[in-house]
Amino acid sequence: MTKIYGSGEAAVAALAGIDITIEDGDFVAVMGPSGSGKSTCMNILGCLDVPTGGHYYFRGADVGTLTADQRALLRRNYIGFVFQGFNLLKRTTAIENLELPLIYRGLPRGERRQRAEAALAQVGLGDRGHHTAAELSGGQQQRVAIARALVTEPSVILADEPTGNLDTAKSHEIMALLKSLNVERGITIVLVTHEEDVAAYARRQIRFRDGAIESDTGVDAGTGVS
């Protein structure tokens with residue numbers, strides 16, 4: 001799979017030809033220096049972008065052949081996103097932040113509230129539902145962000161530097177939570193991180209350099225890559 005930005009002499013190969021398979025239930029840490037291609041790869045994995053060459057198959061669907069609306073539907077039904085900056089509405093309660101993606105799904109109010117409360121309970125914030133995001137600590141806000149990813153019941157969570165704005169103790173709390181979601185619920189997790197101790201929570205570490213996969217190590221590495 002390749003991804004080229006620009007054309008002619010200005011062309012840049014963000015992905016210079018990678019071959020990778022991520023199985024159901026994997027927990028993968030994606031690492032590499034800035035400009036190595038890891039963010040481009042994550043955007044394609046999340047169906048936010050499509051490859052220039054080659055193919056990306058998500059549950060059998062060739063993502064590059066889908067329309068933007070079809071990719072949006074795929075994201076809505078299967079993928080949860082967690083970001084470094086939390087991306088919560090600060091003046092909105094935790095419950096209301098979680099209900100927002102369910103509104104887009106057209107779920108009735110009662111079911112939205114029930115699922116939002118259940119997701120908050122899963123991340124240990126069942127008693128914080130009526131606090132606004134601004135009233136929560138950084139670690140609590142990231143837990144709400146993870147709950148927002150969970151509320152749509154995704155099969156995959158893509159996390160972009162989920163501990164980047166947290167101190168060491170809170171970072172380990174968030175990673176322990178993600179690991180439990182992977183082990184106990186079988187959710188596939190792929191995260192970008194620069195931190196070795198964060199990557200250690202994953203069973204597999206993929207390192208990018210200059211648009212290529214430099215190494216792929218871990219328990220699943222023998223079966224994960226063609």
# chains A, B, ... in the order shown; residues from 1 in each chain; ligands from 1
>>> select_by_dssp(residues="region 2-222 of chain A", states="strand (DSSP E or B)", output="ChimeraX atom specification")
/A:2-5,12-16,27-31,53,57-58,61-62,79-83,93,132,156-160,188-192,204-209,212-218
>>> residues_around(residues="Leu15 (chain A)", least_positions_apart="4", cutoff="9 Å", atoms="only C-alpha atoms", output="list in words")
Met1, Thr2, Lys3, Ile4, Ser36, Gly37, Lys38, Thr40, Cys41, Pro51, Asp210, Gly211 and Ala212 of chain A
>>> residues_around(residues="region 146-148 of chain A", least_positions_apart="6", cutoff="7 Å", atoms="only C-alpha atoms", output="PyMOL selection string")
chain A and resi 82+98+119-120+123
>>> write_last_selection(atoms="N, CA and C atoms", output="short mmCIF file (atom, residue, chain, number, x, y, z; two decimals), in the first residue's frame")
data_model
loop_
_atom_site.label_atom_id
_atom_site.label_comp_id
_atom_site.auth_asym_id
_atom_site.auth_seq_id
_atom_site.Cartn_x
_atom_site.Cartn_y
_atom_site.Cartn_z
N VAL A 82 -10.02 7.76 19.71
CA VAL A 82 -9.59 8.45 20.92
C VAL A 82 -8.42 9.34 20.55
N LEU A 98 -21.30 11.82 25.46
CA LEU A 98 -21.42 10.44 25.01
C LEU A 98 -22.66 10.23 24.14
N ALA A 119 -21.62 3.12 29.39
CA ALA A 119 -20.25 3.34 28.93
C ALA A 119 -19.43 4.07 29.98
N LEU A 120 -20.02 5.06 30.64
CA LEU A 120 -19.30 5.77 31.71
C LEU A 120 -18.98 4.83 32.86
N VAL A 123 -15.83 2.77 32.31
CA VAL A 123 -14.53 3.43 32.49
C VAL A 123 -14.37 4.00 33.89
#
>>> atom_distance(atom1="CA of Val156 (chain A)", atom2="CA of Lys179 (chain A)")
12.9 Å
>>> residues_around(residues="Arg115 (chain A)", least_positions_apart="5", cutoff="12 Å", atoms="only C-alpha atoms", output="PDB file with C-alpha atoms, in the first residue's frame")
ATOM      1  CA  ILE A  95     -23.380  12.084  29.543  1.00  0.00           C
ATOM      2  CA  GLU A  96     -24.244  14.579  26.807  1.00  0.00           C
ATOM      3  CA  LEU A  98     -21.423  10.445  25.005  1.00  0.00           C
ATOM      4  CA  GLU A  99     -24.935  10.844  23.629  1.00  0.00           C
ATOM      5  CA  LEU A 100     -23.781  12.959  20.683  1.00  0.00           C
ATOM      6  CA  PRO A 101     -22.577  10.101  18.410  1.00  0.00           C
ATOM      7  CA  LEU A 102     -25.780   8.215  19.222  1.00  0.00           C
ATOM      8  CA  ILE A 103     -27.865  11.170  18.061  1.00  0.00           C
ATOM      9  CA  LEU A 107     -31.280   6.377  18.618  1.00  0.00           C
ATOM     10  CA  PRO A 108     -34.195   7.441  20.851  1.00  0.00           C
ATOM     11  CA  ARG A 109     -33.425   9.576  23.896  1.00  0.00           C
ATOM     12  CA  GLY A 110     -34.007   6.834  26.458  1.00  0.00           C
ATOM     13  CA  LEU A 120     -19.304   5.766  31.706  1.00  0.00           C
ATOM     14  CA  ALA A 121     -19.645   2.969  34.248  1.00  0.00           C
ATOM     15  CA  GLN A 122     -17.293   0.823  32.168  1.00  0.00           C
ATOM     16  CA  GLY A 126     -20.511   6.281  36.639  1.00  0.00           C
ATOM     17  CA  GLY A 129     -22.082  11.800  34.288  1.00  0.00           C
ATOM     18  CA  ALA A 147     -16.321   5.947  26.883  1.00  0.00           C
ATOM     19  CA  ARG A 148     -17.458   8.028  23.897  1.00  0.00           C
ATOM     20  CA  ALA A 149     -15.547   5.638  21.648  1.00  0.00           C
ATOM     21  CA  LEU A 150     -17.158   2.672  23.423  1.00  0.00           C
ATOM     22  CA  VAL A 151     -20.734   3.922  23.369  1.00  0.00           C
ATOM     23  CA  THR A 152     -21.175   3.007  19.707  1.00  0.00           C
ATOM     24  CA  GLU A 153     -19.989  -0.546  20.495  1.00  0.00           C
TER      25      GLU A 153
END
>>> closest_residue(among="A:Thr93, A:Ser171, A:Asn165, A:Ser155", to="Ala133 (chain A)", atoms="only C-alpha atoms")
A:Thr93
>>> atom_distance(atom1="CA of Gln70 (chain A)", atom2="CA of Gly106 (chain A)")
17.2 Å
>>> residues_around(residues="Val50 (chain A)", least_positions_apart="5", cutoff="12 Å", atoms="only C-alpha atoms", output="PDB file with C-alpha atoms, in the first residue's frame")
ATOM      1  CA  MET A   1       0.000   0.000   0.000  1.00  0.00           C
ATOM      2  CA  THR A   2       1.334   3.452  -0.886  1.00  0.00           C
ATOM      3  CA  LYS A   3       0.246   6.999  -0.170  1.00  0.00           C
ATOM      4  CA  ILE A   4       1.650   9.850  -2.255  1.00  0.00           C
ATOM      5  CA  TYR A   5       1.010  13.524  -1.530  1.00  0.00           C
ATOM      6  CA  LEU A  15       3.811   5.455   2.694  1.00  0.00           C
ATOM      7  CA  THR A  40      -0.904   8.467   7.455  1.00  0.00           C
ATOM      8  CA  CYS A  41      -1.246   4.751   8.115  1.00  0.00           C
ATOM      9  CA  MET A  42      -3.644   5.400  11.000  1.00  0.00           C
ATOM     10  CA  ASN A  43      -5.764   7.710   8.843  1.00  0.00           C
ATOM     11  CA  ILE A  44      -6.110   4.960   6.259  1.00  0.00           C
ATOM     12  CA  LEU A  45      -6.836   2.317   8.911  1.00  0.00           C
ATOM     13  CA  HIS A  55      -5.552  -1.919  -1.368  1.00  0.00           C
ATOM     14  CA  TYR A  56      -6.821  -1.647   2.196  1.00  0.00           C
ATOM     15  CA  TYR A  57      -9.477  -4.156   3.178  1.00  0.00           C
ATOM     16  CA  PHE A  58     -11.593  -3.596   6.285  1.00  0.00           C
ATOM     17  CA  ASP A  62     -11.947  -2.584  -0.293  1.00  0.00           C
ATOM     18  CA  VAL A  63     -11.968   0.852   1.360  1.00  0.00           C
ATOM     19  CA  GLY A  64     -10.396   2.576  -1.635  1.00  0.00           C
ATOM     20  CA  THR A  65     -13.445   1.752  -3.761  1.00  0.00           C
ATOM     21  CA  LEU A  66     -15.981   3.153  -1.275  1.00  0.00           C
ATOM     22  CA  THR A  67     -17.581   6.578  -1.509  1.00  0.00           C
ATOM     23  CA  ALA A  68     -17.018   9.133   1.252  1.00  0.00           C
ATOM     24  CA  ARG A  71     -16.560   5.199   4.506  1.00  0.00           C
TER      25      ARG A  71
END
>>> select_by_dssp(residues="region 75-220 of chain A", states="alpha helix (DSSP H)", output="MDAnalysis selection string")
chainID A and resid 75:78 94:104 109:122 138:150 168:185 196:199
>>> closest_residue(among="A:Arg75, A:Lys170, A:Arg203, A:His130", to="Arg91 (chain A)", atoms="only C-alpha atoms")
A:His130
>>> atom_distance(atom1="CA of His172 (chain A)", atom2="CA of Gly35 (chain A)")
26.4 Å
>>> residues_around(residues="Ile189 (chain A)", least_positions_apart="4", cutoff="7 Å", atoms="only C-alpha atoms", output="list in words")
Asp26, Phe27, Val28, Val156, Ile157, Leu158 and Asn182 of chain A
>>> residues_around(residues="region 191-200 of chain A", least_positions_apart="5", cutoff="7 Å", atoms="only C-alpha atoms", output="PyMOL selection string")
chain A and resi 28-31+158-161+175+205
>>> write_last_selection(atoms="N, CA and C atoms", output="CSV table (one decimal), in the first residue's frame")
chain,number,residue,atom,x,y,z
A,28,VAL,N,-2.1,-3.3,19.1
A,28,VAL,CA,-0.9,-2.9,18.4
A,28,VAL,C,-0.5,-1.4,18.7
A,29,ALA,N,0.8,-1.2,19.0
A,29,ALA,CA,1.3,0.1,19.2
A,29,ALA,C,2.1,0.5,17.9
A,30,VAL,N,1.8,1.6,17.4
A,30,VAL,CA,2.5,2.1,16.2
A,30,VAL,C,3.4,3.2,16.6
A,31,MET,N,4.7,3.1,16.2
A,31,MET,CA,5.7,4.0,16.7
A,31,MET,C,6.5,4.5,15.5
A,158,LEU,N,-9.1,3.2,17.5
A,158,LEU,CA,-7.9,3.8,17.1
A,158,LEU,C,-7.6,4.9,18.0
A,159,ALA,N,-6.4,4.9,18.6
A,159,ALA,CA,-6.1,5.9,19.6
A,159,ALA,C,-4.8,6.6,19.2
A,160,ASP,N,-4.9,8.0,19.0
A,160,ASP,CA,-3.7,8.8,18.6
A,160,ASP,C,-3.1,9.5,19.8
A,161,GLU,N,-2.0,9.0,20.3
A,161,GLU,CA,-1.3,9.6,21.5
A,161,GLU,C,-2.3,9.8,22.6
A,175,MET,N,-3.8,3.4,30.0
A,175,MET,CA,-3.3,2.2,29.3
A,175,MET,C,-3.9,0.9,29.9
A,205,GLN,N,4.4,-4.3,18.6
A,205,GLN,CA,4.9,-3.0,18.3
A,205,GLN,C,5.3,-2.9,16.8
